[in-house]
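Shown below: final.cif, with mmCIF, C-alpha atoms.
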```
data_data
loop_
_atom_site.group_PDB
_atom_site.id
_atom_site.type_symbol
_atom_site.label_atom_id
_atom_site.label_comp_id
_atom_site.auth_asym_id
_atom_site.auth_seq_id
_atom_site.Cartn_x
_atom_site.Cartn_y
_atom_site.Cartn_z
ATOM 1 C CA ALA A 1 8.658 -29.787 -25.355
ATOM 2 C CA PRO A 2 6.386 -32.392 -26.908
ATOM 3 C CA ALA A 3 6.169 -32.374 -30.685
ATOM 4 C CA SER A 4 2.394 -32.072 -30.678
ATOM 5 C CA VAL A 5 0.459 -28.831 -30.672
ATOM 6 C CA SER A 6 -2.454 -28.401 -28.277
ATOM 7 C CA ARG A 7 -5.489 -27.129 -30.114
ATOM 8 C CA MET A 8 -9.085 -26.248 -29.317
ATOM 9 C CA HIS A 9 -11.219 -26.887 -32.392
ATOM 10 C CA HIS A 10 -13.948 -24.473 -33.392
ATOM 11 C CA ASP A 11 -16.619 -27.098 -32.787
ATOM 12 C CA SER A 12 -15.447 -28.409 -29.437
ATOM 13 C CA PHE A 13 -16.614 -25.832 -26.940
ATOM 14 C CA ASP A 14 -19.546 -27.770 -25.500
ATOM 15 C CA ASP A 15 -18.270 -29.869 -22.615
ATOM 16 C CA GLY A 16 -21.457 -31.925 -22.694
ATOM 17 C CA ASP A 17 -22.206 -31.199 -19.048
ATOM 18 C CA ALA A 18 -25.738 -29.928 -18.531
ATOM 19 C CA SER A 19 -25.914 -31.005 -14.909
ATOM 20 C CA SER A 20 -25.784 -29.004 -11.705
ATOM 21 C CA GLU A 21 -23.155 -31.201 -10.087
ATOM 22 C CA ASP A 22 -20.295 -28.689 -10.260
ATOM 23 C CA GLY A 23 -20.989 -27.783 -6.672
ATOM 24 C CA GLY A 24 -19.176 -31.006 -5.791
ATOM 25 C CA PHE A 25 -15.972 -29.075 -6.329
ATOM 26 C CA LEU A 26 -16.736 -27.021 -3.239
ATOM 27 C CA ASP A 27 -17.312 -30.131 -1.146
ATOM 28 C CA GLU A 28 -14.001 -31.592 -2.338
ATOM 29 C CA PHE A 29 -12.267 -28.290 -1.586
ATOM 30 C CA VAL A 30 -13.409 -28.238 2.030
ATOM 31 C CA ASP A 31 -12.638 -31.948 2.451
ATOM 32 C CA ALA A 32 -9.095 -31.361 1.204
ATOM 33 C CA GLU A 33 -8.603 -28.627 3.777
ATOM 34 C CA ARG A 34 -9.719 -30.879 6.589
ATOM 35 C CA ALA A 35 -7.497 -33.716 5.375
ATOM 36 C CA LEU A 36 -4.395 -31.550 5.299
ATOM 37 C CA GLY A 37 -5.081 -30.178 8.752
ATOM 38 C CA THR A 38 -5.366 -33.714 10.116
ATOM 39 C CA ALA A 39 -2.213 -34.897 8.338
ATOM 40 C CA SER A 40 -0.138 -32.004 9.630
ATOM 41 C CA GLY A 41 -1.313 -32.492 13.183
ATOM 42 C CA SER A 42 -2.578 -28.933 13.293
ATOM 43 C CA GLY A 43 -5.840 -27.764 14.697
ATOM 44 C CA GLY A 44 -8.143 -24.777 14.644
ATOM 45 C CA SER A 45 -7.955 -22.175 11.911
ATOM 46 C CA GLU A 46 -4.458 -23.178 10.869
ATOM 47 C CA ALA A 47 -5.648 -26.657 9.979
ATOM 48 C CA SER A 48 -8.522 -25.273 7.964
ATOM 49 C CA THR A 49 -6.463 -22.818 5.918
ATOM 50 C CA SER A 50 -3.057 -24.410 5.422
ATOM 51 C CA GLY A 51 -4.220 -26.285 2.324
ATOM 52 C CA VAL A 52 -5.439 -23.103 0.664
ATOM 53 C CA PHE A 53 -2.188 -21.336 1.485
ATOM 54 C CA THR A 54 -0.049 -24.090 -0.049
ATOM 55 C CA SER A 55 -2.250 -24.821 -3.074
ATOM 56 C CA ALA A 56 -0.465 -22.231 -5.245
ATOM 57 C CA PHE A 57 2.671 -24.368 -5.063
ATOM 58 C CA VAL A 58 1.064 -27.578 -6.312
ATOM 59 C CA ASN A 59 -1.219 -26.421 -9.130
ATOM 60 C CA HIS A 60 -0.480 -27.632 -12.637
ATOM 61 C CA LYS A 61 2.775 -26.567 -14.262
ATOM 62 C CA ALA A 62 4.799 -28.141 -17.063
ATOM 63 C CA GLY A 63 7.305 -30.695 -15.838
ATOM 64 C CA MET A 64 5.618 -31.242 -12.470
ATOM 65 C CA ASP A 65 3.145 -34.030 -13.196
ATOM 66 C CA GLU A 66 4.985 -36.576 -11.033
ATOM 67 C CA VAL A 67 5.638 -34.278 -8.071
ATOM 68 C CA ASP A 68 4.547 -35.516 -4.639
ATOM 69 C CA LYS A 69 2.026 -32.754 -3.958
ATOM 70 C CA ALA A 70 1.348 -33.821 -0.382
ATOM 71 C CA HIS A 71 5.063 -33.561 0.409
ATOM 72 C CA VAL A 72 5.329 -30.115 -1.195
ATOM 73 C CA ARG A 73 2.284 -28.890 0.724
ATOM 74 C CA GLN A 74 3.738 -30.126 3.977
ATOM 75 C CA VAL A 75 7.151 -28.541 3.404
ATOM 76 C CA VAL A 76 5.628 -25.204 2.401
ATOM 77 C CA HIS A 77 3.361 -25.269 5.432
ATOM 78 C CA ASP A 78 6.084 -26.235 7.906
ATOM 79 C CA MET A 79 8.520 -23.598 6.681
ATOM 80 C CA SER A 80 6.075 -20.714 6.488
ATOM 81 C CA LYS A 81 3.586 -21.319 9.313
ATOM 82 C CA ASP A 82 5.247 -18.848 11.698
ATOM 83 C CA SER A 83 5.621 -16.017 9.163
ATOM 84 C CA ALA A 84 3.569 -12.821 9.144
ATOM 85 C CA HIS A 85 2.541 -13.549 5.564
ATOM 86 C CA HIS A 86 1.153 -16.928 6.554
ATOM 87 C CA ARG A 87 -0.791 -15.391 9.444
ATOM 88 C CA ASN A 88 -2.292 -12.820 7.094
ATOM 89 C CA GLU A 89 -3.185 -15.572 4.650
ATOM 90 C CA GLN A 90 -4.862 -17.515 7.452
ATOM 91 C CA VAL A 91 -7.154 -14.589 8.204
ATOM 92 C CA ARG A 92 -8.030 -14.115 4.550
ATOM 93 C CA GLU A 93 -8.509 -17.798 3.833
ATOM 94 C CA THR A 94 -10.625 -18.371 6.932
ATOM 95 C CA LYS A 95 -13.034 -15.842 5.431
ATOM 96 C CA VAL A 96 -12.941 -17.648 2.094
ATOM 97 C CA LEU A 97 -13.716 -21.005 3.691
ATOM 98 C CA SER A 98 -16.534 -19.450 5.693
ATOM 99 C CA LYS A 99 -18.025 -18.070 2.499
ATOM 100 C CA ILE A 100 -17.719 -21.484 0.826
ATOM 101 C CA ARG A 101 -19.528 -23.152 3.696
ATOM 102 C CA GLU A 102 -22.307 -20.564 3.436
ATOM 103 C CA MET A 103 -22.634 -21.333 -0.269
ATOM 104 C CA LEU A 104 -22.749 -25.062 0.382
ATOM 105 C CA GLU A 105 -25.443 -24.581 2.992
ATOM 106 C CA LYS A 106 -27.526 -22.495 0.572
ATOM 107 C CA LYS A 107 -27.081 -25.167 -2.080
ATOM 108 C CA ARG A 108 -28.295 -27.877 0.278
ATOM 109 C CA LYS A 109 -31.487 -25.928 0.887
ATOM 110 C CA LEU A 110 -32.359 -25.658 -2.808
ATOM 111 C CA SER A 111 -35.104 -27.939 -4.062
ATOM 112 C CA ASP A 112 -34.792 -29.972 -7.250
ATOM 113 C CA ASP A 113 -37.291 -27.653 -8.931
ATOM 114 C CA GLN A 114 -35.211 -24.621 -8.008
ATOM 115 C CA LEU A 115 -32.037 -26.235 -9.337
ATOM 116 C CA ARG A 116 -33.732 -27.070 -12.635
ATOM 117 C CA ARG A 117 -35.063 -23.520 -12.931
ATOM 118 C CA TYR A 118 -31.620 -22.015 -12.319
ATOM 119 C CA GLN A 119 -30.121 -24.422 -14.841
ATOM 120 C CA ARG A 120 -32.638 -23.301 -17.471
ATOM 121 C CA GLU A 121 -31.789 -19.657 -16.772
ATOM 122 C CA VAL A 122 -28.095 -20.390 -17.185
ATOM 123 C CA ASP A 123 -28.750 -22.272 -20.421
ATOM 124 C CA VAL A 124 -30.628 -19.280 -21.829
ATOM 125 C CA PHE A 125 -27.825 -16.943 -20.802
ATOM 126 C CA VAL A 126 -25.159 -19.186 -22.367
ATOM 127 C CA SER A 127 -27.154 -19.477 -25.580
ATOM 128 C CA ALA A 128 -27.321 -15.687 -25.823
ATOM 129 C CA LEU A 129 -23.554 -15.458 -25.355
ATOM 130 C CA GLU A 130 -22.997 -18.111 -28.031
ATOM 131 C CA THR A 131 -24.763 -15.974 -30.638
ATOM 132 C CA LYS A 132 -22.158 -13.235 -30.090
ATOM 133 C CA ARG A 133 -19.084 -15.464 -30.101
ATOM 134 C CA ASP A 134 -16.652 -14.836 -32.968
ATOM 135 C CA LEU A 135 -14.883 -18.068 -33.915
ATOM 136 C CA SER A 136 -13.615 -16.863 -37.282
ATOM 137 C CA LYS A 137 -10.055 -16.175 -36.183
ATOM 138 C CA THR A 138 -7.144 -18.426 -35.271
ATOM 139 C CA TRP A 139 -4.890 -17.490 -32.388
ATOM 140 C CA ILE A 140 -1.634 -19.032 -31.231
ATOM 141 C CA HIS A 141 -0.259 -18.495 -27.754
ATOM 142 C CA VAL A 142 3.491 -19.100 -27.579
ATOM 143 C CA ASP A 143 5.220 -19.685 -24.255
ATOM 144 C CA MET A 144 8.985 -20.167 -24.079
ATOM 145 C CA ASP A 145 9.809 -23.233 -21.973
ATOM 146 C CA ALA A 146 11.413 -22.384 -18.586
ATOM 147 C CA PHE A 147 12.771 -19.340 -20.413
ATOM 148 C CA TYR A 148 15.237 -17.791 -17.953
ATOM 149 C CA ALA A 149 16.633 -21.156 -16.904
ATOM 150 C CA ALA A 150 16.828 -22.322 -20.523
ATOM 151 C CA VAL A 151 18.776 -19.216 -21.539
ATOM 152 C CA HIS A 152 21.351 -19.844 -18.807
ATOM 153 C CA THR A 153 21.582 -23.467 -19.876
ATOM 154 C CA LEU A 154 22.429 -22.390 -23.427
ATOM 155 C CA ARG A 155 25.444 -20.549 -22.032
ATOM 156 C CA ASN A 156 26.260 -23.240 -19.450
ATOM 157 C CA PRO A 157 25.341 -26.695 -20.853
ATOM 158 C CA GLU A 158 26.213 -28.384 -17.538
ATOM 159 C CA TYR A 159 23.004 -26.890 -16.128
ATOM 160 C CA ALA A 160 20.991 -29.271 -18.311
ATOM 161 C CA THR A 161 21.523 -32.193 -15.921
ATOM 162 C CA ILE A 162 21.396 -30.465 -12.536
ATOM 163 C CA PRO A 163 18.527 -28.682 -10.745
ATOM 164 C CA ILE A 164 18.834 -24.906 -11.105
ATOM 165 C CA ALA A 165 16.606 -21.967 -10.208
ATOM 166 C CA VAL A 166 16.973 -18.360 -11.288
ATOM 167 C CA GLY A 167 16.916 -16.124 -8.236
ATOM 168 C CA GLY A 168 18.092 -16.583 -4.683
ATOM 169 C CA ILE A 169 17.211 -17.621 -1.156
ATOM 170 C CA GLY A 170 14.471 -14.988 -0.944
ATOM 171 C CA MET A 171 12.559 -15.728 -4.174
ATOM 172 C CA ILE A 172 13.058 -17.548 -7.455
ATOM 173 C CA SER A 173 11.630 -16.505 -10.811
ATOM 174 C CA THR A 174 11.809 -19.875 -12.551
ATOM 175 C CA ALA A 175 13.334 -23.332 -12.334
ATOM 176 C CA ASN A 176 14.507 -25.822 -14.926
ATOM 177 C CA TYR A 177 12.723 -29.118 -15.489
ATOM 178 C CA VAL A 178 15.232 -31.052 -13.399
ATOM 179 C CA ALA A 179 14.379 -28.888 -10.379
ATOM 180 C CA ARG A 180 10.663 -29.042 -11.068
ATOM 181 C CA LYS A 181 10.690 -32.785 -10.445
ATOM 182 C CA PHE A 182 11.352 -31.929 -6.789
ATOM 183 C CA GLY A 183 8.451 -29.451 -6.634
ATOM 184 C CA VAL A 184 10.584 -26.332 -7.176
ATOM 185 C CA ARG A 185 8.759 -23.715 -9.232
ATOM 186 C CA SER A 186 8.525 -20.028 -10.102
ATOM 187 C CA ALA A 187 7.392 -17.540 -7.441
ATOM 188 C CA MET A 188 8.569 -19.872 -4.682
ATOM 189 C CA PRO A 189 10.760 -18.599 -1.834
ATOM 190 C CA GLY A 190 14.292 -19.872 -2.352
ATOM 191 C CA PHE A 191 14.605 -21.250 1.176
ATOM 192 C CA ILE A 192 11.582 -23.473 0.570
ATOM 193 C CA ALA A 193 12.989 -24.559 -2.791
ATOM 194 C CA LYS A 194 16.243 -25.528 -1.045
ATOM 195 C CA LYS A 195 14.325 -27.611 1.469
ATOM 196 C CA LEU A 196 12.570 -29.459 -1.346
ATOM 197 C CA CYS A 197 15.782 -29.866 -3.331
ATOM 198 C CA PRO A 198 18.958 -29.472 -1.197
ATOM 199 C CA GLN A 199 21.214 -29.807 -4.258
ATOM 200 C CA LEU A 200 19.495 -26.881 -6.006
ATOM 201 C CA THR A 201 21.853 -24.347 -7.618
ATOM 202 C CA PHE A 202 20.818 -20.685 -7.675
ATOM 203 C CA VAL A 203 21.656 -18.643 -10.792
ATOM 204 C CA ASP A 204 21.653 -14.829 -10.835
ATOM 205 C CA SER A 205 19.186 -13.103 -13.160
ATOM 206 C CA ASP A 206 20.565 -11.561 -16.358
ATOM 207 C CA PHE A 207 17.902 -9.470 -18.076
ATOM 208 C CA THR A 208 20.254 -8.251 -20.773
ATOM 209 C CA LEU A 209 20.628 -11.871 -21.832
ATOM 210 C CA TYR A 210 16.888 -12.564 -21.583
ATOM 211 C CA LYS A 211 16.029 -9.527 -23.715
ATOM 212 C CA HIS A 212 18.497 -10.641 -26.369
ATOM 213 C CA TYR A 213 16.880 -14.061 -26.760
ATOM 214 C CA ALA A 214 13.384 -12.636 -26.472
ATOM 215 C CA GLY A 215 14.251 -10.300 -29.332
ATOM 216 C CA LEU A 216 15.339 -13.242 -31.477
ATOM 217 C CA ALA A 217 12.108 -15.106 -30.772
ATOM 218 C CA ARG A 218 10.054 -12.017 -31.577
ATOM 219 C CA GLU A 219 11.694 -11.776 -34.990
ATOM 220 C CA VAL A 220 10.031 -15.112 -35.711
ATOM 221 C CA PHE A 221 6.703 -14.039 -34.198
ATOM 222 C CA ARG A 222 6.558 -11.013 -36.511
ATOM 223 C CA THR A 223 6.620 -13.203 -39.614
ATOM 224 C CA TYR A 224 3.346 -14.756 -38.423
ATOM 225 C CA ASP A 225 1.699 -11.650 -36.972
ATOM 226 C CA PRO A 226 3.394 -8.242 -37.323
ATOM 227 C CA GLU A 227 1.086 -6.906 -34.598
ATOM 228 C CA PHE A 228 1.595 -9.780 -32.113
ATOM 229 C CA ASP A 229 0.890 -9.031 -28.464
ATOM 230 C CA ALA A 230 3.806 -9.771 -26.113
ATOM 231 C CA LEU A 231 2.590 -10.454 -22.573
ATOM 232 C CA SER A 232 6.146 -10.683 -21.235
ATOM 233 C CA LEU A 233 9.635 -11.526 -22.443
ATOM 234 C CA ASP A 234 8.729 -15.179 -22.831
ATOM 235 C CA GLU A 235 5.157 -15.325 -24.132
ATOM 236 C CA ALA A 236 2.987 -13.775 -26.809
ATOM 237 C CA PHE A 237 -0.398 -13.959 -28.534
ATOM 238 C CA LEU A 238 -0.368 -14.184 -32.340
ATOM 239 C CA ASP A 239 -3.353 -13.723 -34.650
ATOM 240 C CA VAL A 240 -2.391 -16.084 -37.479
ATOM 241 C CA THR A 241 -5.723 -15.975 -39.344
ATOM 242 C CA GLU A 242 -4.304 -14.193 -42.395
ATOM 243 C CA TYR A 243 -1.004 -16.099 -42.265
ATOM 244 C CA LEU A 244 -2.843 -19.421 -42.581
ATOM 245 C CA VAL A 245 -4.727 -18.274 -45.693
ATOM 246 C CA VAL A 246 -1.694 -16.774 -47.409
ATOM 247 C CA ASN A 247 0.494 -19.807 -46.731
ATOM 248 C CA ASN A 248 -2.234 -22.468 -47.112
ATOM 249 C CA LEU A 249 -1.450 -24.018 -43.733
ATOM 250 C CA THR A 250 -3.561 -25.604 -41.024
ATOM 251 C CA PRO A 251 -3.308 -24.133 -37.518
ATOM 252 C CA GLU A 252 -1.374 -27.189 -36.318
ATOM 253 C CA GLU A 253 1.071 -26.916 -39.200
ATOM 254 C CA ALA A 254 1.644 -23.229 -38.529
ATOM 255 C CA ALA A 255 2.213 -23.756 -34.810
ATOM 256 C CA SER A 256 4.633 -26.619 -35.423
ATOM 257 C CA LYS A 257 6.477 -24.547 -38.022
ATOM 258 C CA LEU A 258 6.673 -21.596 -35.638
ATOM 259 C CA ARG A 259 8.105 -23.754 -32.846
ATOM 260 C CA LEU A 260 10.737 -25.165 -35.159
ATOM 261 C CA GLU A 261 11.742 -21.708 -36.407
ATOM 262 C CA VAL A 262 12.001 -20.372 -32.859
ATOM 263 C CA PHE A 263 14.292 -23.265 -31.970
ATOM 264 C CA GLN A 264 16.430 -22.723 -35.071
ATOM 265 C CA LYS A 265 16.684 -18.995 -34.327
ATOM 266 C CA THR A 266 17.322 -19.174 -30.583
ATOM 267 C CA GLY A 267 18.282 -22.710 -29.607
ATOM 268 C CA LEU A 268 15.338 -22.622 -27.209
ATOM 269 C CA THR A 269 12.087 -24.590 -27.200
ATOM 270 C CA CYS A 270 8.593 -23.180 -26.822
ATOM 271 C CA SER A 271 5.091 -24.517 -26.309
ATOM 272 C CA ALA A 272 2.092 -23.468 -28.387
ATOM 273 C CA GLY A 273 -1.656 -23.558 -28.033
ATOM 274 C CA VAL A 274 -4.137 -22.917 -30.855
ATOM 275 C CA ALA A 275 -7.763 -21.792 -30.582
ATOM 276 C CA PRO A 276 -10.299 -19.469 -32.261
ATOM 277 C CA THR A 277 -10.331 -17.044 -29.314
ATOM 278 C CA ARG A 278 -7.533 -15.057 -27.759
ATOM 279 C CA ARG A 279 -7.511 -16.487 -24.243
ATOM 280 C CA LEU A 280 -8.049 -20.198 -24.791
ATOM 281 C CA PRO A 281 -4.642 -20.828 -26.411
ATOM 282 C CA LYS A 282 -2.902 -19.803 -23.205
ATOM 283 C CA ILE A 283 -4.567 -22.710 -21.418
ATOM 284 C CA LEU A 284 -3.688 -25.077 -24.240
ATOM 285 C CA SER A 285 -0.020 -24.065 -24.436
ATOM 286 C CA ASP A 286 0.264 -25.085 -20.809
ATOM 287 C CA VAL A 287 -1.064 -28.535 -21.711
ATOM 288 C CA ASN A 288 1.479 -28.844 -24.531
#
```

Please express what this file holds, its structure, as structure tokens.
Amino acid sequence: APASVSRMHHDSFDDGDASSEDGGFLDEFVDAERALGTASGSGGSEASTSGVFTSAFVNHKAGMDEVDKAHVRQVVHDMSKDSAHHRNEQVRETKVLSKIREMLEKKRKLSDDQLRRYQREVDVFVSALETKRDLSKTWIHVDMDAFYAAVHTLRNPEYATIPIAVGGIGMISTANYVARKFGVRSAMPGFIAKKLCPQLTFVDSDFTLYKHYAGLAREVFRTYDPEFDALSLDEAFLDVTEYLVVNNLTPEEAASKLRLEVFQKTGLTCSAGVAPTRRLPKILSDVN
């Protein structure tokens, strides 16, 4: 993991965007659907929904910045287009796209005066929410890096240089960073992962092993927040507000120290995000 710590400062919540141009996202969304349908040579409802169906496999995830997303989309589509799940998704996503088009049509009918009025109403609403926001605390979200795969690699160092995925041909739970370069990721059917990366090695799950290493990491978490909230074996929220005062540390210093101590205790790396609210650090730990 990178040495830096992703942080959202208390004074950096305003994105500076007071416009009403966010609707452009919807236009881009529909355009992307049409483009994929054309590229795949499909027509009808399948062309309009295949991009939505495959989008879950190309959204942002650590270690996948250089992945050829168009290739992954195409492989996922080609290998799942005849399945019952894909047909069900087509029905659902056709409804979603129809709703989006309705929204776009309503937007096009709005006058400039109406848009400005709605923007003012939103601004008032946001201002009211801001008065209730508590930014007095400091939270750290810790996420163990490719946890299951990393644990197996500790026991089998040869895995560090080959693509591995924990799971099997039906479904995988995670993949190491070598495999992620090919587009292989968690919650992906194993047969699709194998198509993307023919040399992929499947590793059987071992929850006894995972719990052992999670327990070691949690020993470190408790020194920062005795009441930390574990979302799963490999991630947790820590309220470090008091810890920072007692130890005279900045949030960045505390997060860096925590990451180092986790590595020393477990041999595993973790990512960390810091913010004054509980949910924002989870976004930031994904960036880091």

List the residues selected by the PyMOL selection byres ((chain A and resi 209-220) around 9) in the file shown, writing them as number ranges by chain.
A: 144, 147-148, 151-152, 205-208, 221-224, 228, 230, 233-236, 258, 261-263, 265-266, 268

Taking 6 positions as the minimum chain separation for residues in the same chain, which residues sit within 10 Å of A:Arg279 when counting all atoms listed in the file? Answer as a PDB file with C-alpha atoms, keeping the file's coordinate frame.
```pdb
ATOM      1  CA  TRP A 139      -4.890 -17.490 -32.388  1.00  0.00           C
ATOM      2  CA  ILE A 140      -1.634 -19.032 -31.231  1.00  0.00           C
ATOM      3  CA  HIS A 141      -0.259 -18.495 -27.754  1.00  0.00           C
ATOM      4  CA  PHE A 237      -0.398 -13.959 -28.534  1.00  0.00           C
ATOM      5  CA  GLY A 273      -1.656 -23.558 -28.033  1.00  0.00           C
TER       6      GLY A 273
END
```

Contact check, stretch 83-162 of chain A to stretch 190-204 of chain A, at most 9 Å, counting all atoms listed in the file, closest pairs as a tab-separated table:
```
residue	atom	partner	partner_atom	distance
A:Ala149	CA	A:Val203	CA	8.3
A:His152	CA	A:Val203	CA	8.1
A:Tyr159	CA	A:Thr201	CA	9.0
A:Ile162	CA	A:Leu200	CA	7.7
```

Kindly give the distance, in Å, that separates atom CA of A:Ala160 and atom CA of A:Ala146, rounded to a single decimal.
11.8 Å

Between A:Glu130, A:Glu93, A:Asp239, A:Asp113, which residue has the minimum interatomic distance to A:Pro276, considering all atoms listed in the file?
A:Asp239

Separation of atom CA of A:Val122 and atom CA of A:Ile100, in Å?
20.8 Å

Chain and number of each residue from the PyMOL selection byres ((chain A and resi 181) around 8), as a PDB file with C-alpha atoms, in the coordinates of the input:
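The result, stored in out_16.pdb:
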```pdb
ATOM      1  CA  GLY A  63       7.305 -30.695 -15.838  1.00  0.00           C
ATOM      2  CA  MET A  64       5.618 -31.242 -12.470  1.00  0.00           C
ATOM      3  CA  GLU A  66       4.985 -36.576 -11.033  1.00  0.00           C
ATOM      4  CA  VAL A  67       5.638 -34.278  -8.071  1.00  0.00           C
ATOM      5  CA  TYR A 177      12.723 -29.118 -15.489  1.00  0.00           C
ATOM      6  CA  VAL A 178      15.232 -31.052 -13.399  1.00  0.00           C
ATOM      7  CA  ALA A 179      14.379 -28.888 -10.379  1.00  0.00           C
ATOM      8  CA  ARG A 180      10.663 -29.042 -11.068  1.00  0.00           C
ATOM      9  CA  PHE A 182      11.352 -31.929  -6.789  1.00  0.00           C
ATOM     10  CA  GLY A 183       8.451 -29.451  -6.634  1.00  0.00           C
ATOM     11  CA  VAL A 184      10.584 -26.332  -7.176  1.00  0.00           C
TER      12      VAL A 184
END
```

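One finds atom CA of A:Met103 at 17.6 Å from atom CA of A:Arg116.
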
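With distances restricted to only C-alpha atoms, A:Leu238 is the closest residue to A:Pro281 from A:Leu238, A:Ser173, A:Gly267, A:Ser98.
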
Could you work out an axis-aligned box for stretch 146-158 of chain A, taking every atom the file lists and adding 6 Å on each side, and report centre and edge lengths in Å to one decimal, as lines of an AutoDock Vina configuration file?
```
center_x = 18.8
center_y = -23.1
center_z = -20.2
size_x = 26.8
size_y = 22.6
size_z = 18.5
```

How would you write, as a list in words, the residues chosen by the PyMOL selection byres ((chain A and resi 170) around 9) on this structure?
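That selection, the PyMOL selection byres ((chain A and resi 170) around 9), comes back as Gly167, Gly168, Ile169, Met171, Ile172, Met188, Pro189, Gly190 and Phe191 of chain A.
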